[in-house]
Amino acid sequence: MSVIFFDIGGTLADPRVEPDGSLRLQPLPRVGAVLDALGEVREGIISDPGPGDGAAARVADALAEAFPGRFTDRALVHWGAKDGRGIFDRAVASTGGAPAGACVFVGEDARERAFAREAGMRTAPHPVFTTAAMEERPVFRARIALADGQGPPALTAAMDRTEAVPVRVVSPRLVVAMVTALGGEALQNAVFTVAVQGPLEDLAAAEKFAEDLLTRGEAVFEGEEPTSGTTHVVKREDDGRLTVRRLRFSR
C-alpha cells in the first residue's frame with residue numbers, strides 16, 4: 001500500500017505568524033477533500049521547519065491544529081532541509097518496509113521533487129494529483145483556452161471538479177494549468193479548449209537547465225547583451241515557460 005508524504009508550506013497550507021508570535025497554518029483550497037479521499041492510506045510529512053531551536057515543535061503544533069487527527073504517526077514525520085535525497089531516503093526507511101516506489105512525495109517545488117525521485121519515490125506537484133501519482137498516471141502542463149461567453153469562474157468551477165490546477169493566468173481567455181489525462185478530458189467535455197504541452201516533470205527539468213545556465217553566467221535573457229561566456233539565450237514565453245536556444249557564432 002502507498003505511503004504519502006506531504007510538504008507543508010505552499011502544498012498543504014500557507015503559514016502565517018499571528019500578532020502574538022504564534023504560527024498558524026491555513027489549509028489551501030481542495031486539500032481537505034484530497035486528504036478525506038485518501039481514507040486509510042498512511043500519511044506523513046517531509047518539510048523544512050526553518051532555523052532555530054523549537055522550530056520543528058512549533059510547526060508540529062500548528063500542523064496538529066490545522067489538520068486535527070492527521071499525521072499522527074510520528075515515525076512518518078520528517079523535519080529538515082530538502083536539499084538532497086537524504087531526507088527522502090530516511091522517509092522511505094521510516095515506513096517499516098514499504099518500497100520506495102510505493103511512496104509518494106507531494107510538493108510544489110520541482111527541485112525537491114527531483115530529489116525525491118532520485119530516492120525512488122513517485123511525486124506529485126499538488127495534492128490534487130496524489131491519486132494520480134499513486135496510480136502512476138502523469139501530470140501534464142496544458143494551455144486552457146476560454147471561448148467567448150466563458151468566464152474565469154466557469155473554468156475555476158470545472159477545474160475544482162477534476163484533476164486540474166491553474167498555474168498562471170496569461171489573459172482573460174488563456175490559463176496555463178497542470179492536468180492529468182483525466183482532468184484534460186473533463187475540461188474538454190466542459191467545452192474548454194485544452195492544448196497539452198508535455199509531461200510536467202520533463203518541462204520542469206528543461207527549465208531547471210535554463211536556470212542553471214543563468215546561475216553559472218552561461219546564458220542571458222533574450223534582449224540582453226551576451227558576454228564572452230554566454231553560450232545560450234533564455235526566453236520567457238508568454239505562458240511563463242523558460243526556453244533555451246544555443247548561440248550560433250559566425251566565424
# chains A, B, ... in the order shown; residues from 1 in each chain; ligands from 1
$ residues_around --residues "A:Ile4" --least-positions-apart "3" --cutoff "9 Å" --atoms "only C-alpha atoms" --output "list in words"
Val41, Arg42, Glu43, Gly44, Ile45, Ala102, Cys103, Val104, Phe105, Val106, Thr130 and Met134 of chain A
$ residues_around --residues "A:Glu40" --least-positions-apart "2" --cutoff "12 Å" --atoms "only C-alpha atoms" --output "PyMOL selection string"
chain A and resi 1-4+35-38+42-43+70-71
$ select_by_dssp --residues "stretch 3-239 of chain A" --states "alpha helix (DSSP H)" --output "PDB file with N, CA and C atoms, in the first residue's frame"
ATOM      1  N   VAL A  31      -7.373  20.886  -0.330  1.00  0.00           N
ATOM      2  CA  VAL A  31      -6.519  19.961   0.422  1.00  0.00           C
ATOM      3  C   VAL A  31      -7.344  19.054   1.324  1.00  0.00           C
ATOM      4  N   GLY A  32      -8.309  19.623   2.025  1.00  0.00           N
ATOM      5  CA  GLY A  32      -9.134  18.811   2.922  1.00  0.00           C
ATOM      6  C   GLY A  32      -9.849  17.693   2.194  1.00  0.00           C
ATOM      7  N   ALA A  33     -10.392  17.992   1.028  1.00  0.00           N
ATOM      8  CA  ALA A  33     -11.101  16.975   0.249  1.00  0.00           C
ATOM      9  C   ALA A  33     -10.150  15.875  -0.211  1.00  0.00           C
ATOM     10  N   VAL A  34      -8.931  16.268  -0.596  1.00  0.00           N
ATOM     11  CA  VAL A  34      -7.942  15.270  -1.019  1.00  0.00           C
ATOM     12  C   VAL A  34      -7.607  14.338   0.136  1.00  0.00           C
ATOM     13  N   LEU A  35      -7.344  14.897   1.310  1.00  0.00           N
ATOM     14  CA  LEU A  35      -6.986  14.074   2.465  1.00  0.00           C
ATOM     15  C   LEU A  35      -8.134  13.151   2.855  1.00  0.00           C
ATOM     16  N   ASP A  36      -9.356  13.659   2.806  1.00  0.00           N
ATOM     17  CA  ASP A  36     -10.517  12.812   3.133  1.00  0.00           C
ATOM     18  C   ASP A  36     -10.630  11.650   2.159  1.00  0.00           C
ATOM     19  N   ALA A  37     -10.327  11.908   0.877  1.00  0.00           N
ATOM     20  CA  ALA A  37     -10.464  10.864  -0.140  1.00  0.00           C
ATOM     21  C   ALA A  37      -9.411   9.773   0.001  1.00  0.00           C
ATOM     22  N   ALA A  55      11.849  25.072  16.349  1.00  0.00           N
ATOM     23  CA  ALA A  55      11.105  25.357  15.116  1.00  0.00           C
ATOM     24  C   ALA A  55      10.225  24.179  14.723  1.00  0.00           C
ATOM     25  N   ALA A  56      10.773  22.967  14.817  1.00  0.00           N
ATOM     26  CA  ALA A  56      10.000  21.788  14.422  1.00  0.00           C
ATOM     27  C   ALA A  56       8.783  21.609  15.320  1.00  0.00           C
ATOM     28  N   ALA A  57       8.966  21.801  16.629  1.00  0.00           N
ATOM     29  CA  ALA A  57       7.844  21.650  17.559  1.00  0.00           C
ATOM     30  C   ALA A  57       6.770  22.695  17.283  1.00  0.00           C
ATOM     31  N   ARG A  58       7.206  23.890  16.932  1.00  0.00           N
ATOM     32  CA  ARG A  58       6.258  24.973  16.634  1.00  0.00           C
ATOM     33  C   ARG A  58       5.417  24.634  15.415  1.00  0.00           C
ATOM     34  N   VAL A  59       6.065  24.138  14.356  1.00  0.00           N
ATOM     35  CA  VAL A  59       5.320  23.781  13.151  1.00  0.00           C
ATOM     36  C   VAL A  59       4.440  22.569  13.413  1.00  0.00           C
ATOM     37  N   ALA A  60       4.940  21.614  14.205  1.00  0.00           N
ATOM     38  CA  ALA A  60       4.144  20.417  14.522  1.00  0.00           C
ATOM     39  C   ALA A  60       2.861  20.798  15.251  1.00  0.00           C
ATOM     40  N   ASP A  61       2.957  21.738  16.173  1.00  0.00           N
ATOM     41  CA  ASP A  61       1.759  22.179  16.901  1.00  0.00           C
ATOM     42  C   ASP A  61       0.769  22.842  15.943  1.00  0.00           C
ATOM     43  N   ALA A  62       1.276  23.681  15.046  1.00  0.00           N
ATOM     44  CA  ALA A  62       0.390  24.347  14.088  1.00  0.00           C
ATOM     45  C   ALA A  62      -0.231  23.335  13.130  1.00  0.00           C
ATOM     46  N   LEU A  63       0.548  22.308  12.762  1.00  0.00           N
ATOM     47  CA  LEU A  63       0.028  21.271  11.873  1.00  0.00           C
ATOM     48  C   LEU A  63      -1.111  20.509  12.538  1.00  0.00           C
ATOM     49  N   ALA A  64      -0.932  20.166  13.812  1.00  0.00           N
ATOM     50  CA  ALA A  64      -1.975  19.433  14.536  1.00  0.00           C
ATOM     51  C   ALA A  64      -3.245  20.264  14.676  1.00  0.00           C
ATOM     52  N   GLU A  65      -3.079  21.571  14.821  1.00  0.00           N
ATOM     53  CA  GLU A  65      -4.250  22.443  14.932  1.00  0.00           C
ATOM     54  C   GLU A  65      -4.972  22.579  13.600  1.00  0.00           C
ATOM     55  N   ALA A  66      -4.195  22.678  12.506  1.00  0.00           N
ATOM     56  CA  ALA A  66      -4.802  22.872  11.189  1.00  0.00           C
ATOM     57  C   ALA A  66      -5.420  21.591  10.646  1.00  0.00           C
ATOM     58  N   GLY A  86      18.775  12.686   0.779  1.00  0.00           N
ATOM     59  CA  GLY A  86      18.916  12.060   2.089  1.00  0.00           C
ATOM     60  C   GLY A  86      17.638  11.999   2.897  1.00  0.00           C
ATOM     61  N   ILE A  87      16.932  13.125   3.010  1.00  0.00           N
ATOM     62  CA  ILE A  87      15.719  13.142   3.826  1.00  0.00           C
ATOM     63  C   ILE A  87      14.636  12.256   3.222  1.00  0.00           C
ATOM     64  N   PHE A  88      14.652  12.097   1.903  1.00  0.00           N
ATOM     65  CA  PHE A  88      13.668  11.238   1.249  1.00  0.00           C
ATOM     66  C   PHE A  88      14.018   9.757   1.456  1.00  0.00           C
ATOM     67  N   ASP A  89      15.309   9.440   1.452  1.00  0.00           N
ATOM     68  CA  ASP A  89      15.726   8.074   1.776  1.00  0.00           C
ATOM     69  C   ASP A  89      15.307   7.718   3.199  1.00  0.00           C
ATOM     70  N   ARG A  90      15.475   8.665   4.121  1.00  0.00           N
ATOM     71  CA  ARG A  90      15.084   8.408   5.513  1.00  0.00           C
ATOM     72  C   ARG A  90      13.574   8.228   5.624  1.00  0.00           C
ATOM     73  N   ALA A  91      12.828   8.982   4.839  1.00  0.00           N
ATOM     74  CA  ALA A  91      11.371   8.842   4.881  1.00  0.00           C
ATOM     75  C   ALA A  91      10.945   7.452   4.417  1.00  0.00           C
ATOM     76  N   VAL A  92      11.554   6.982   3.331  1.00  0.00           N
ATOM     77  CA  VAL A  92      11.232   5.629   2.844  1.00  0.00           C
ATOM     78  C   VAL A  92      11.573   4.602   3.909  1.00  0.00           C
ATOM     79  N   ALA A  93      12.730   4.746   4.548  1.00  0.00           N
ATOM     80  CA  ALA A  93      13.153   3.786   5.571  1.00  0.00           C
ATOM     81  C   ALA A  93      12.213   3.790   6.769  1.00  0.00           C
ATOM     82  N   ALA A 110       9.744  21.897  -7.737  1.00  0.00           N
ATOM     83  CA  ALA A 110      10.210  20.913  -8.721  1.00  0.00           C
ATOM     84  C   ALA A 110      11.569  20.327  -8.349  1.00  0.00           C
ATOM     85  N   ARG A 111      12.463  21.146  -7.789  1.00  0.00           N
ATOM     86  CA  ARG A 111      13.781  20.651  -7.413  1.00  0.00           C
ATOM     87  C   ARG A 111      13.665  19.603  -6.300  1.00  0.00           C
ATOM     88  N   GLU A 112      12.807  19.862  -5.326  1.00  0.00           N
ATOM     89  CA  GLU A 112      12.608  18.901  -4.239  1.00  0.00           C
ATOM     90  C   GLU A 112      12.003  17.602  -4.761  1.00  0.00           C
ATOM     91  N   ARG A 113      11.087  17.718  -5.695  1.00  0.00           N
ATOM     92  CA  ARG A 113      10.506  16.501  -6.279  1.00  0.00           C
ATOM     93  C   ARG A 113      11.582  15.701  -7.020  1.00  0.00           C
ATOM     94  N   ALA A 114      12.525  16.392  -7.642  1.00  0.00           N
ATOM     95  CA  ALA A 114      13.607  15.691  -8.342  1.00  0.00           C
ATOM     96  C   ALA A 114      14.448  14.886  -7.357  1.00  0.00           C
ATOM     97  N   PHE A 115      14.728  15.444  -6.175  1.00  0.00           N
ATOM     98  CA  PHE A 115      15.474  14.706  -5.159  1.00  0.00           C
ATOM     99  C   PHE A 115      14.680  13.490  -4.690  1.00  0.00           C
ATOM    100  N   ALA A 116      13.370  13.655  -4.545  1.00  0.00           N
ATOM    101  CA  ALA A 116      12.528  12.534  -4.129  1.00  0.00           C
ATOM    102  C   ALA A 116      12.566  11.414  -5.158  1.00  0.00           C
ATOM    103  N   ARG A 117      12.553  11.779  -6.428  1.00  0.00           N
ATOM    104  CA  ARG A 117      12.611  10.749  -7.469  1.00  0.00           C
ATOM    105  C   ARG A 117      13.973  10.058  -7.485  1.00  0.00           C
ATOM    106  N   GLU A 118      15.045  10.788  -7.128  1.00  0.00           N
ATOM    107  CA  GLU A 118      16.354  10.146  -7.009  1.00  0.00           C
ATOM    108  C   GLU A 118      16.306   9.044  -5.952  1.00  0.00           C
ATOM    109  N   THR A 130      -2.425  13.553  -6.043  1.00  0.00           N
ATOM    110  CA  THR A 130      -1.915  12.470  -5.193  1.00  0.00           C
ATOM    111  C   THR A 130      -2.353  11.107  -5.711  1.00  0.00           C
ATOM    112  N   THR A 131      -3.620  10.953  -6.009  1.00  0.00           N
ATOM    113  CA  THR A 131      -4.107   9.664  -6.510  1.00  0.00           C
ATOM    114  C   THR A 131      -3.462   9.315  -7.843  1.00  0.00           C
ATOM    115  N   ALA A 132      -3.281  10.310  -8.701  1.00  0.00           N
ATOM    116  CA  ALA A 132      -2.624  10.054  -9.981  1.00  0.00           C
ATOM    117  C   ALA A 132      -1.215   9.520  -9.763  1.00  0.00           C
ATOM    118  N   ALA A 133      -0.488  10.085  -8.807  1.00  0.00           N
ATOM    119  CA  ALA A 133       0.868   9.602  -8.511  1.00  0.00           C
ATOM    120  C   ALA A 133       0.827   8.178  -7.979  1.00  0.00           C
ATOM    121  N   MET A 134      -0.124   7.877  -7.125  1.00  0.00           N
ATOM    122  CA  MET A 134      -0.262   6.520  -6.595  1.00  0.00           C
ATOM    123  C   MET A 134      -0.517   5.524  -7.717  1.00  0.00           C
ATOM    124  N   PRO A 152     -13.716  33.216 -16.285  1.00  0.00           N
ATOM    125  CA  PRO A 152     -12.851  32.521 -15.332  1.00  0.00           C
ATOM    126  C   PRO A 152     -13.593  31.746 -14.246  1.00  0.00           C
ATOM    127  N   PRO A 153     -14.719  32.252 -13.710  1.00  0.00           N
ATOM    128  CA  PRO A 153     -15.416  31.465 -12.686  1.00  0.00           C
ATOM    129  C   PRO A 153     -15.861  30.090 -13.195  1.00  0.00           C
ATOM    130  N   ALA A 154     -16.272  30.018 -14.469  1.00  0.00           N
ATOM    131  CA  ALA A 154     -16.697  28.731 -15.023  1.00  0.00           C
ATOM    132  C   ALA A 154     -15.513  27.772 -15.117  1.00  0.00           C
ATOM    133  N   LEU A 155     -14.358  28.295 -15.500  1.00  0.00           N
ATOM    134  CA  LEU A 155     -13.174  27.443 -15.584  1.00  0.00           C
ATOM    135  C   LEU A 155     -12.748  26.985 -14.193  1.00  0.00           C
ATOM    136  N   THR A 156     -12.764  27.891 -13.233  1.00  0.00           N
ATOM    137  CA  THR A 156     -12.399  27.518 -11.859  1.00  0.00           C
ATOM    138  C   THR A 156     -13.313  26.418 -11.347  1.00  0.00           C
ATOM    139  N   ALA A 157     -14.603  26.552 -11.596  1.00  0.00           N
ATOM    140  CA  ALA A 157     -15.557  25.540 -11.140  1.00  0.00           C
ATOM    141  C   ALA A 157     -15.288  24.198 -11.813  1.00  0.00           C
ATOM    142  N   ALA A 158     -14.979  24.223 -13.108  1.00  0.00           N
ATOM    143  CA  ALA A 158     -14.702  22.979 -13.829  1.00  0.00           C
ATOM    144  C   ALA A 158     -13.424  22.324 -13.309  1.00  0.00           C
ATOM    145  N   MET A 159     -12.381  23.137 -13.057  1.00  0.00           N
ATOM    146  CA  MET A 159     -11.133  22.580 -12.526  1.00  0.00           C
ATOM    147  C   MET A 159     -11.329  21.969 -11.146  1.00  0.00           C
ATOM    148  N   ASP A 160     -12.136  22.615 -10.327  1.00  0.00           N
ATOM    149  CA  ASP A 160     -12.345  22.134  -8.961  1.00  0.00           C
ATOM    150  C   ASP A 160     -13.036  20.779  -8.918  1.00  0.00           C
ATOM    151  N   ALA A 181      -4.503  13.311 -17.780  1.00  0.00           N
ATOM    152  CA  ALA A 181      -5.319  12.992 -18.951  1.00  0.00           C
ATOM    153  C   ALA A 181      -6.800  13.023 -18.575  1.00  0.00           C
ATOM    154  N   LEU A 182      -7.105  12.520 -17.382  1.00  0.00           N
ATOM    155  CA  LEU A 182      -8.486  12.533 -16.903  1.00  0.00           C
ATOM    156  C   LEU A 182      -8.989  13.959 -16.750  1.00  0.00           C
ATOM    157  N   GLY A 183      -8.141  14.837 -16.173  1.00  0.00           N
ATOM    158  CA  GLY A 183      -8.540  16.222 -15.987  1.00  0.00           C
ATOM    159  C   GLY A 183      -8.701  16.955 -17.301  1.00  0.00           C
ATOM    160  N   GLY A 184      -7.776  16.719 -18.241  1.00  0.00           N
ATOM    161  CA  GLY A 184      -7.891  17.355 -19.546  1.00  0.00           C
ATOM    162  C   GLY A 184      -9.161  16.957 -20.260  1.00  0.00           C
ATOM    163  N   GLU A 185      -9.504  15.677 -20.185  1.00  0.00           N
ATOM    164  CA  GLU A 185     -10.736  15.204 -20.833  1.00  0.00           C
ATOM    165  C   GLU A 185     -11.966  15.850 -20.215  1.00  0.00           C
ATOM    166  N   ALA A 186     -11.958  15.989 -18.876  1.00  0.00           N
ATOM    167  CA  ALA A 186     -13.100  16.603 -18.201  1.00  0.00           C
ATOM    168  C   ALA A 186     -13.260  18.065 -18.620  1.00  0.00           C
ATOM    169  N   LEU A 187     -12.153  18.776 -18.771  1.00  0.00           N
ATOM    170  CA  LEU A 187     -12.241  20.176 -19.195  1.00  0.00           C
ATOM    171  C   LEU A 187     -12.701  20.285 -20.642  1.00  0.00           C
ATOM    172  N   GLN A 188     -12.252  19.369 -21.485  1.00  0.00           N
ATOM    173  CA  GLN A 188     -12.732  19.375 -22.865  1.00  0.00           C
ATOM    174  C   GLN A 188     -14.229  19.091 -22.914  1.00  0.00           C
ATOM    175  N   ASN A 189     -14.697  18.177 -22.071  1.00  0.00           N
ATOM    176  CA  ASN A 189     -16.130  17.886 -22.018  1.00  0.00           C
ATOM    177  C   ASN A 189     -16.932  19.083 -21.520  1.00  0.00           C
ATOM    178  N   LEU A 200       4.751  17.376 -17.131  1.00  0.00           N
ATOM    179  CA  LEU A 200       5.187  18.469 -16.277  1.00  0.00           C
ATOM    180  C   LEU A 200       6.642  18.308 -15.841  1.00  0.00           C
ATOM    181  N   GLU A 201       7.031  17.099 -15.434  1.00  0.00           N
ATOM    182  CA  GLU A 201       8.382  16.934 -14.910  1.00  0.00           C
ATOM    183  C   GLU A 201       9.427  17.068 -16.011  1.00  0.00           C
ATOM    184  N   ASP A 202       9.100  16.699 -17.235  1.00  0.00           N
ATOM    185  CA  ASP A 202      10.039  16.913 -18.343  1.00  0.00           C
ATOM    186  C   ASP A 202      10.249  18.401 -18.576  1.00  0.00           C
ATOM    187  N   LEU A 203       9.159  19.166 -18.544  1.00  0.00           N
ATOM    188  CA  LEU A 203       9.264  20.607 -18.739  1.00  0.00           C
ATOM    189  C   LEU A 203      10.006  21.255 -17.577  1.00  0.00           C
ATOM    190  N   ALA A 204       9.777  20.748 -16.357  1.00  0.00           N
ATOM    191  CA  ALA A 204      10.475  21.293 -15.190  1.00  0.00           C
ATOM    192  C   ALA A 204      11.971  21.053 -15.299  1.00  0.00           C
ATOM    193  N   ALA A 205      12.365  19.887 -15.820  1.00  0.00           N
ATOM    194  CA  ALA A 205      13.788  19.584 -15.984  1.00  0.00           C
ATOM    195  C   ALA A 205      14.421  20.530 -17.006  1.00  0.00           C
ATOM    196  N   ALA A 206      13.683  20.813 -18.079  1.00  0.00           N
ATOM    197  CA  ALA A 206      14.198  21.731 -19.097  1.00  0.00           C
ATOM    198  C   ALA A 206      14.360  23.132 -18.526  1.00  0.00           C
ATOM    199  N   GLU A 207      13.433  23.561 -17.699  1.00  0.00           N
ATOM    200  CA  GLU A 207      13.520  24.889 -17.105  1.00  0.00           C
ATOM    201  C   GLU A 207      14.639  24.955 -16.066  1.00  0.00           C
ATOM    202  N   LYS A 208      14.868  23.847 -15.348  1.00  0.00           N
ATOM    203  CA  LYS A 208      15.992  23.811 -14.408  1.00  0.00           C
ATOM    204  C   LYS A 208      17.308  23.979 -15.168  1.00  0.00           C
ATOM    205  N   PHE A 209      17.404  23.369 -16.354  1.00  0.00           N
ATOM    206  CA  PHE A 209      18.596  23.518 -17.178  1.00  0.00           C
ATOM    207  C   PHE A 209      18.819  24.993 -17.515  1.00  0.00           C
ATOM    208  N   ALA A 210      17.746  25.688 -17.879  1.00  0.00           N
ATOM    209  CA  ALA A 210      17.844  27.109 -18.208  1.00  0.00           C
ATOM    210  C   ALA A 210      18.269  27.916 -16.991  1.00  0.00           C
ATOM    211  N   GLU A 211      17.671  27.622 -15.840  1.00  0.00           N
ATOM    212  CA  GLU A 211      18.011  28.364 -14.628  1.00  0.00           C
ATOM    213  C   GLU A 211      19.459  28.123 -14.222  1.00  0.00           C
ATOM    214  N   ASP A 212      19.937  26.902 -14.382  1.00  0.00           N
ATOM    215  CA  ASP A 212      21.332  26.597 -14.046  1.00  0.00           C
ATOM    216  C   ASP A 212      22.293  27.348 -14.964  1.00  0.00           C
ATOM    217  N   LEU A 213      21.962  27.442 -16.263  1.00  0.00           N
ATOM    218  CA  LEU A 213      22.796  28.212 -17.194  1.00  0.00           C
ATOM    219  C   LEU A 213      22.873  29.678 -16.767  1.00  0.00           C
ATOM    220  N   LEU A 214      21.734  30.234 -16.382  1.00  0.00           N
ATOM    221  CA  LEU A 214      21.712  31.623 -15.942  1.00  0.00           C
ATOM    222  C   LEU A 214      22.536  31.810 -14.674  1.00  0.00           C
ATOM    223  N   THR A 215      22.413  30.865 -13.739  1.00  0.00           N
ATOM    224  CA  THR A 215      23.151  30.950 -12.478  1.00  0.00           C
ATOM    225  C   THR A 215      24.655  30.908 -12.714  1.00  0.00           C
TER     226      THR A 215
END
$ closest_residue --among "A:Val169, A:Met121, A:Ile144, A:Leu25" --to "A:Ala98" --atoms "only C-alpha atoms"
A:Met121
$ atom_distance --atom1 "atom CA of A:Val220" --atom2 "atom CA of A:Glu237"
14.5 Å
$ closest_residue --among "A:Val165, A:Leu23, A:Leu28, A:Val191" --to "A:Leu146" --atoms "only C-alpha atoms"
A:Val191
$ select_by_dssp --residues "stretch 55-117 of chain A" --states "strand (DSSP E)" --output "list in words"
Val77, His78, Trp79, Cys103, Val104, Phe105 and Val106 of chain A
